[in-house]
Amino acid sequence: MKVQCPDCKANYKIDISKIAEIPEKGVHMTCPKCKGSILIKIKPEPKKEEQQDTIIICPKCSHVNISTKTCVSCGNIFTKEETEKLSIAIDKEE
């Protein structure tokens with residue numbers, strides 16, 4: 001992770017895997033250059049199911065399906081390969 005000191009603008013690359021746990025409020029590190037305080041915060045990644053829907057066009061009947069593994073029109077069950085090949089991710093509006 002790249003961080004920048006807000007005081008002297010020095011840039012650092014931090015290996016956050018070495019930090020056991022980062023609380024919501026973040027952790028502070030001391031800038032080696034100017035001794036200023038740098039706040040390190042980690043934003044949690046949203047789960048893919050919450051962030052995106054997928055559309056898949058049925059290869060048998062061409063019906064457009066949203067986030068299903070079975071075509072709602074003809075009942076075709078999509079294989080893993082079809083799902084990976086034919087799926088298009090769409091962002092949900094919040």
# chains A, B, ... in the order shown; residues from 1 in each chain; ligands from 1

$ select_by_dssp --residues "chain A" --states "strand (DSSP E)" --output "short mmCIF file (atom, residue, chain, number, x, y, z; two decimals) with C-alpha atoms, in the first residue's frame"
data_model
loop_
_atom_site.label_atom_id
_atom_site.label_comp_id
_atom_site.auth_asym_id
_atom_site.auth_seq_id
_atom_site.Cartn_x
_atom_site.Cartn_y
_atom_site.Cartn_z
CA LYS A 2 1.30 3.46 -0.85
CA VAL A 3 1.02 6.22 1.74
CA GLN A 4 2.13 9.83 1.79
CA ASN A 11 5.96 8.69 -0.19
CA TYR A 12 6.25 5.25 1.37
CA LYS A 13 5.27 1.74 0.38
CA VAL A 27 -3.30 3.16 12.74
CA HIS A 28 -0.69 5.88 12.97
CA MET A 29 2.89 5.60 11.86
CA THR A 30 5.67 8.11 12.34
CA SER A 37 2.10 11.35 11.93
CA ILE A 38 0.70 9.33 9.02
CA LEU A 39 -2.76 7.77 9.40
CA ILE A 40 -3.19 4.41 7.65
CA GLN A 52 -22.71 -6.19 -8.79
CA ASP A 53 -25.39 -8.13 -10.58
CA THR A 54 -24.62 -10.12 -13.69
CA ILE A 55 -26.61 -10.55 -16.83
CA ILE A 56 -26.38 -13.64 -18.97
CA ILE A 57 -28.02 -14.19 -22.32
CA VAL A 64 -31.72 -11.98 -20.88
CA ASN A 65 -31.38 -13.24 -17.29
CA ILE A 66 -30.21 -11.23 -14.30
CA SER A 87 -21.84 -13.17 -18.06
CA ILE A 88 -21.60 -9.40 -18.06
CA ALA A 89 -21.19 -7.62 -14.71
CA ILE A 90 -23.43 -4.62 -14.08
CA ASP A 91 -23.13 -2.20 -11.19
#

$ residues_around --residues "A:Thr79" --least-positions-apart "4" --cutoff "10 Å" --atoms "only C-alpha atoms" --output "list in words"
Lys69, Thr70, Thr83, Glu84 and Lys85 of chain A

$ write_last_selection --atoms "N, CA and C atoms" --output "PDB file, in the first residue's frame"
ATOM      1  N   LYS A  69     -28.736 -18.700 -12.329  1.00  0.00           N
ATOM      2  CA  LYS A  69     -27.959 -19.785 -12.912  1.00  0.00           C
ATOM      3  C   LYS A  69     -28.818 -20.644 -13.826  1.00  0.00           C
ATOM      4  N   THR A  70     -30.107 -20.287 -13.899  1.00  0.00           N
ATOM      5  CA  THR A  70     -31.052 -21.001 -14.746  1.00  0.00           C
ATOM      6  C   THR A  70     -31.860 -19.980 -15.542  1.00  0.00           C
ATOM      7  N   THR A  83     -21.455 -19.568 -17.883  1.00  0.00           N
ATOM      8  CA  THR A  83     -21.578 -18.441 -16.963  1.00  0.00           C
ATOM      9  C   THR A  83     -20.358 -17.536 -17.060  1.00  0.00           C
ATOM     10  N   GLU A  84     -19.158 -18.134 -17.063  1.00  0.00           N
ATOM     11  CA  GLU A  84     -17.934 -17.330 -17.158  1.00  0.00           C
ATOM     12  C   GLU A  84     -17.816 -16.639 -18.510  1.00  0.00           C
ATOM     13  N   LYS A  85     -18.194 -17.335 -19.570  1.00  0.00           N
ATOM     14  CA  LYS A  85     -18.039 -16.817 -20.931  1.00  0.00           C
ATOM     15  C   LYS A  85     -19.104 -15.778 -21.295  1.00  0.00           C
TER      16      LYS A  85
END

$ residues_around --residues "stretch 5-10 of chain A" --least-positions-apart "6" --cutoff "7 Å" --atoms "only C-alpha atoms" --output "ChimeraX atom specification"
/A:31,34,36,38

$ closest_residue --among "A:His63, A:Cys58, A:Ile22, A:Lys35" --to "A:Ile77" --atoms "only C-alpha atoms"
A:Cys58
